[in-house]
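See below for run_36.pdb, which holds PDB, C-alpha atoms.
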```
ATOM      1  CA  MET A 474     240.623 246.714 187.118
ATOM      2  CA  HIS A 475     238.844 243.707 185.636
ATOM      3  CA  PRO A 476     235.141 243.675 186.562
ATOM      4  CA  ALA A 477     233.205 240.461 186.057
ATOM      5  CA  LYS A 478     231.386 240.134 182.747
ATOM      6  CA  SER A 479     228.114 239.831 184.659
ATOM      7  CA  VAL A 480     228.723 243.267 186.224
ATOM      8  CA  ILE A 481     229.402 244.791 182.803
ATOM      9  CA  LEU A 482     226.275 243.140 181.370
ATOM     10  CA  PHE A 483     224.228 244.308 184.365
ATOM     11  CA  THR A 484     225.327 247.940 184.228
ATOM     12  CA  THR A 485     225.010 248.361 180.466
ATOM     13  CA  THR A 486     221.740 246.541 179.866
ATOM     14  CA  SER A 487     219.869 247.724 182.940
ATOM     15  CA  GLY A 488     221.144 251.287 182.439
ATOM     16  CA  ALA A 489     219.956 251.292 178.829
ATOM     17  CA  GLY A 490     216.617 249.709 179.752
ATOM     18  CA  TYR A 491     215.926 252.157 182.558
ATOM     19  CA  GLY A 492     217.042 255.010 180.325
ATOM     20  CA  LEU A 493     214.627 253.952 177.578
ATOM     21  CA  LEU A 494     211.747 253.486 180.021
ATOM     22  CA  ALA A 495     212.437 256.882 181.602
ATOM     23  CA  TRP A 496     212.373 258.601 178.198
ATOM     24  CA  LEU A 497     209.126 256.831 177.290
ATOM     25  CA  GLY A 498     207.494 258.073 180.491
ATOM     26  CA  ILE A 499     208.743 261.646 180.114
ATOM     27  CA  LEU A 500     207.786 261.960 176.455
ATOM     28  CA  THR A 501     204.399 260.367 177.111
ATOM     29  CA  ALA A 502     203.711 262.822 179.926
ATOM     30  CA  LEU A 503     204.622 265.647 177.547
ATOM     31  CA  GLY A 504     202.190 264.266 174.953
ATOM     32  CA  LEU A 505     204.954 263.683 172.378
ATOM     33  CA  LEU A 506     204.432 259.975 171.719
ATOM     34  CA  PRO A 507     201.534 258.360 169.875
ATOM     35  CA  ALA A 508     199.202 255.945 171.655
ATOM     36  CA  TRP A 509     199.980 253.298 169.039
ATOM     37  CA  ARG A 510     199.908 249.901 170.683
ATOM     38  CA  GLY A 511     202.551 248.403 168.400
ATOM     39  CA  PHE A 512     205.044 251.167 169.100
ATOM     40  CA  GLY A 513     204.319 251.038 172.829
ATOM     41  CA  ALA A 514     204.655 247.256 172.976
ATOM     42  CA  THR A 515     207.931 247.279 171.052
ATOM     43  CA  ALA A 516     209.477 250.055 173.146
ATOM     44  CA  LEU A 517     208.275 248.707 176.483
ATOM     45  CA  VAL A 518     209.298 245.114 175.755
ATOM     46  CA  LEU A 519     212.752 246.331 174.709
ATOM     47  CA  GLY A 520     213.147 248.460 177.841
ATOM     48  CA  LEU A 521     211.809 245.843 180.247
ATOM     49  CA  GLY A 522     213.761 243.097 178.488
ATOM     50  CA  LEU A 523     217.020 245.001 178.986
ATOM     51  CA  VAL A 524     216.214 245.726 182.636
ATOM     52  CA  ILE A 525     215.319 242.095 183.371
ATOM     53  CA  THR A 526     218.411 240.834 181.525
ATOM     54  CA  GLY A 527     220.572 243.192 183.572
ATOM     55  CA  LEU A 528     218.973 242.242 186.863
ATOM     56  CA  LEU A 529     219.359 238.527 186.107
ATOM     57  CA  ALA A 530     223.004 239.099 185.144
ATOM     58  CA  SER A 531     223.599 240.833 188.473
ATOM     59  CA  THR A 532     222.736 237.633 190.334
ATOM     60  CA  PHE A 533     225.582 235.760 188.590
ATOM     61  CA  HIS A 534     228.285 237.586 190.526
ATOM     62  CA  LEU A 535     226.669 236.861 193.883
ATOM     63  CA  GLY A 536     228.224 234.103 195.957
ATOM     64  CA  HIS A 537     224.797 232.651 196.706
ATOM     65  CA  PRO A 538     222.189 233.899 194.173
ATOM     66  CA  GLU A 539     219.468 232.008 196.022
ATOM     67  CA  ARG A 540     219.951 234.455 198.910
ATOM     68  CA  ALA A 541     219.585 237.575 196.751
ATOM     69  CA  TRP A 542     216.217 238.360 198.293
ATOM     70  CA  ARG A 543     217.964 238.968 201.638
ATOM     71  CA  ALA A 544     219.792 241.950 200.143
ATOM     72  CA  LEU A 545     216.480 243.824 200.003
ATOM     73  CA  SER A 546     216.281 243.945 203.796
ATOM     74  CA  GLN A 547     219.400 246.125 204.221
ATOM     75  CA  TRP A 548     217.972 249.220 202.493
ATOM     76  CA  ARG A 549     218.836 251.554 205.403
ATOM     77  CA  SER A 550     222.567 251.043 205.018
ATOM     78  CA  SER A 551     223.291 249.490 201.625
ATOM     79  CA  TRP A 552     223.094 251.064 198.164
ATOM     80  CA  LEU A 553     222.869 247.558 196.729
ATOM     81  CA  SER A 554     219.768 246.927 198.815
ATOM     82  CA  ARG A 555     218.296 250.328 197.893
ATOM     83  CA  GLU A 556     218.887 249.546 194.232
ATOM     84  CA  GLY A 557     217.127 246.190 194.630
ATOM     85  CA  VAL A 558     214.138 247.769 196.374
ATOM     86  CA  ALA A 559     213.959 250.566 193.774
ATOM     87  CA  ALA A 560     214.146 248.023 190.936
ATOM     88  CA  VAL A 561     211.263 246.001 192.397
ATOM     89  CA  VAL A 562     209.153 249.109 193.103
ATOM     90  CA  THR A 563     209.760 250.401 189.552
ATOM     91  CA  PHE A 564     207.989 247.405 188.042
ATOM     92  CA  LEU A 565     204.625 248.535 189.444
ATOM     93  CA  PRO A 566     204.244 251.930 187.685
ATOM     94  CA  VAL A 567     205.987 250.616 184.570
ATOM     95  CA  GLY A 568     203.583 247.665 184.506
ATOM     96  CA  VAL A 569     200.518 249.900 184.909
ATOM     97  CA  PHE A 570     201.839 252.269 182.236
ATOM     98  CA  ALA A 571     202.524 249.328 179.904
ATOM     99  CA  TYR A 572     199.088 247.835 180.504
ATOM    100  CA  PHE A 573     197.239 251.007 179.577
ATOM    101  CA  TRP A 574     199.437 251.784 176.581
ATOM    102  CA  VAL A 575     199.517 248.287 175.075
ATOM    103  CA  MET A 576     196.177 246.835 176.155
ATOM    104  CA  ALA A 577     193.966 249.938 176.183
ATOM    105  CA  GLY A 578     195.837 252.148 173.701
ATOM    106  CA  ARG A 579     195.742 255.028 176.214
ATOM    107  CA  ILE A 580     198.592 257.281 177.287
ATOM    108  CA  ASP A 581     196.634 260.381 178.268
ATOM    109  CA  GLY A 582     195.262 261.789 181.522
ATOM    110  CA  THR A 583     196.072 259.723 184.577
ATOM    111  CA  VAL A 584     198.126 257.303 182.477
ATOM    112  CA  SER A 585     200.569 260.095 181.654
ATOM    113  CA  LEU A 586     200.990 260.747 185.391
ATOM    114  CA  VAL A 587     201.717 257.057 185.943
ATOM    115  CA  ALA A 588     204.207 257.263 183.068
ATOM    116  CA  LEU A 589     205.932 260.173 184.804
ATOM    117  CA  LEU A 590     206.021 258.204 188.070
ATOM    118  CA  ALA A 591     207.549 255.268 186.166
ATOM    119  CA  SER A 592     210.230 257.625 184.821
ATOM    120  CA  LEU A 593     210.999 258.921 188.276
ATOM    121  CA  CYS A 594     211.302 255.356 189.607
ATOM    122  CA  CYS A 595     213.658 254.465 186.746
ATOM    123  CA  ILE A 596     215.848 257.482 187.519
ATOM    124  CA  VAL A 597     215.924 256.642 191.245
ATOM    125  CA  THR A 598     216.964 253.077 190.417
ATOM    126  CA  VAL A 599     219.768 254.303 188.144
ATOM    127  CA  VAL A 600     220.972 256.692 190.872
ATOM    128  CA  CYS A 601     221.007 253.841 193.405
ATOM    129  CA  THR A 602     222.972 251.661 190.986
ATOM    130  CA  ALA A 603     225.491 254.454 190.409
ATOM    131  CA  MET A 604     225.876 254.926 194.149
ATOM    132  CA  ILE A 605     226.796 251.253 194.558
ATOM    133  CA  TYR A 606     229.908 251.950 192.487
ATOM    134  CA  ALA A 607     230.542 255.452 193.830
ATOM    135  CA  SER A 608     230.549 254.151 197.413
ATOM    136  CA  LEU A 609     233.288 251.574 196.752
ATOM    137  CA  LYS A 610     236.258 253.316 198.374
ATOM    138  CA  THR A 611     238.577 250.449 197.443
ATOM    139  CA  ILE A 612     238.246 251.191 193.714
ATOM    140  CA  ARG A 613     239.557 254.725 193.225
ATOM    141  CA  ALA A 614     238.285 254.968 189.636
ATOM    142  CA  TRP A 615     234.731 254.492 190.893
ATOM    143  CA  ALA A 616     234.966 256.330 194.222
ATOM    144  CA  SER A 617     234.733 259.611 192.359
ATOM    145  CA  PRO A 618     232.281 262.504 192.257
ATOM    146  CA  TRP A 619     231.966 261.797 188.492
ATOM    147  CA  THR A 620     230.537 258.295 188.936
ATOM    148  CA  LEU A 621     226.969 259.349 189.705
ATOM    149  CA  PRO A 622     226.553 261.999 186.966
ATOM    150  CA  GLY A 623     228.465 259.839 184.500
ATOM    151  CA  TYR A 624     226.282 256.815 185.102
ATOM    152  CA  VAL A 625     223.067 258.851 184.882
ATOM    153  CA  VAL A 626     224.182 260.514 181.633
ATOM    154  CA  LEU A 627     225.237 257.194 180.087
ATOM    155  CA  SER A 628     221.904 255.634 181.045
ATOM    156  CA  ALA A 629     220.024 258.588 179.557
ATOM    157  CA  LEU A 630     222.199 258.452 176.426
ATOM    158  CA  SER A 631     221.827 254.718 175.816
ATOM    159  CA  GLY A 632     218.074 254.890 176.425
ATOM    160  CA  ALA A 633     217.759 257.922 174.136
ATOM    161  CA  ALA A 634     219.778 256.213 171.393
ATOM    162  CA  LEU A 635     217.481 253.179 171.558
ATOM    163  CA  LEU A 636     214.414 255.407 171.489
ATOM    164  CA  LEU A 637     215.767 257.343 168.519
ATOM    165  CA  CYS A 638     216.174 254.052 166.632
ATOM    166  CA  LEU A 639     212.562 253.152 167.422
ATOM    167  CA  LEU A 640     211.309 256.616 166.433
ATOM    168  CA  ARG A 641     213.103 256.324 163.092
ATOM    169  CA  LEU A 642     211.924 252.742 162.580
ATOM    170  CA  TRP A 643     208.316 253.862 163.077
ATOM    171  CA  SER A 644     208.922 257.055 161.000
ATOM    172  CA  LEU A 645     207.693 259.315 163.784
ATOM    173  CA  PRO A 646     208.241 263.055 163.284
ATOM    174  CA  LEU A 647     209.744 263.398 166.767
ATOM    175  CA  ALA A 648     212.842 261.555 165.492
ATOM    176  CA  ALA A 649     214.328 264.669 163.877
ATOM    177  CA  ASP A 650     214.194 266.772 167.040
ATOM    178  CA  PHE A 651     215.067 263.891 169.356
ATOM    179  CA  GLY A 652     218.283 263.313 167.418
ATOM    180  CA  TRP A 653     219.524 266.585 168.940
ATOM    181  CA  VAL A 654     218.835 265.241 172.423
ATOM    182  CA  VAL A 655     221.010 262.215 171.657
ATOM    183  CA  LEU A 656     223.813 264.451 170.353
ATOM    184  CA  LEU A 657     223.639 266.656 173.464
ATOM    185  CA  LEU A 658     223.800 263.602 175.731
ATOM    186  CA  LEU A 659     226.697 262.239 173.697
ATOM    187  CA  ALA A 660     228.576 265.509 174.254
ATOM    188  CA  LEU A 661     227.811 265.365 177.990
ATOM    189  CA  ALA A 662     228.987 261.768 178.144
ATOM    190  CA  ALA A 663     232.251 262.723 176.416
ATOM    191  CA  ILE A 664     232.832 265.444 178.994
TER     192      ILE A 664
END
```

Represent the structure of the file as structure tokens.
Amino acid sequence: MHPAKSVILFTTTSGAGYGLLAWLGILTALGLLPAWRGFGATALVLGLGLVITGLLASTFHLGHPERAWRALSQWRSSWLSREGVAAVVTFLPVGVFAYFWVMAGRIDGTVSLVALLASLCCIVTVVCTAMIYASLKTIRAWASPWTLPGYVVLSALSGAALLLCLLRLWSLPLAADFGWVVLLLLALAAI
């Protein structure tokens, strides 16, 4: 099996980006992250940058990238289309969350609910992406019941590892406890 480099770039970068954004939303909703604009901007730009890089890379393995928008219309029957719709929808709550955190310095109250919605959208998008691979009957290694949980765990792990780096870089006290989350996810990924 030799997947295209664009597919590898898509799955790793978008998975890590969505994982990071999901962790940011969850930890914000739990009140565990500071409302510091610099930290929020750095984390959100990293997460969104990885997602956008991955989504752009995914267009390189399409026969006609200019027709990519048509894939969104097949959401009733295609996991690829569902993933595209979920990716587009995810930008709205993530954008609102980013605006309030970076521009207004607020991550409390209603903003934390939007952050949680952004996390949920990120998770749904990752699940849709995993199901693209899991539904490919012609590739036995992917047409497995382990594809979906494996992809979700790897996304959560890569996002958590990036967040841990940011927490340590900003010397936030959460870094010590969050390191255990990364180790637990690493163990799950190994399984």

Expected residue set, 8 Å radius at (219.2, 251.5, 188.4), only C-alpha atoms, as a PyMOL selection string: chain A and resi 487-488+491+556+559-560+595-603

Would you write out those residues with C-alpha atoms, as a compact mmCIF listing (two decimals), keeping the file's coordinate frame?
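Saved file selection07.txt follows:
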```
# COMPACT_ATOMS: atom_id res chain seq x y z
CA SER A 487 219.87 247.72 182.94
CA GLY A 488 221.14 251.29 182.44
CA TYR A 491 215.93 252.16 182.56
CA GLU A 556 218.89 249.55 194.23
CA ALA A 559 213.96 250.57 193.77
CA ALA A 560 214.15 248.02 190.94
CA CYS A 595 213.66 254.46 186.75
CA ILE A 596 215.85 257.48 187.52
CA VAL A 597 215.92 256.64 191.24
CA THR A 598 216.96 253.08 190.42
CA VAL A 599 219.77 254.30 188.14
CA VAL A 600 220.97 256.69 190.87
CA CYS A 601 221.01 253.84 193.40
CA THR A 602 222.97 251.66 190.99
CA ALA A 603 225.49 254.45 190.41
```

Can you translate the PyMOL selection byres ((chain A and resi 503) around 12) into the concrete residues it hits in this file, as a list in words? Trp496, Leu497, Gly498, Ile499, Leu500, Thr501, Ala502, Gly504, Leu505, Leu506, Pro507, Ile580, Asp581, Gly582, Val584, Ser585, Leu586, Ala588 and Leu589 of chain A

Run through the PyMOL selection byres ((chain A and resi 512) around 12) on the given coordinates and return the selected residues as number ranges by chain. A: 497, 506-511, 513-519, 571, 574-575, 578, 636, 638-645

Hey, what's within 10 Å of Trp615 (chain A) if we count all atoms listed in the file and toss same-chain stuff fewer than 5 positions away? As a PyMOL selection string, please? chain A and resi 603-610+620-621

Show me, as a PyMOL selection string, the residues that have an atom within 7 Å of Gly527 (chain A) when counting all atoms listed in the file, minus same-chain residues fewer than 5 positions from it. chain A and resi 482-484+486-487

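Computed from the coordinates, the CA of Ala591 (chain A) to CA of Pro566 (chain A) distance equals 4.9 Å.
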
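You will find CA of Val655 (chain A) at 6.2 Å from CA of Leu630 (chain A).
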
So how many Å separate CA of Thr583 (chain A) and CA of Ser628 (chain A), to one decimal? 26.4 Å

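Between Leu494 (chain A) and the candidates A:Gly632, A:Gly522, A:Pro618, A:Gly652, the tightest atom-to-atom separation, counting only C-alpha atoms, involves A:Gly632.
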
When you count only C-alpha atoms, which of these residues is closest to Leu521 (chain A): A:Ile481, A:Val567, A:Val562, A:Cys594? A:Val567
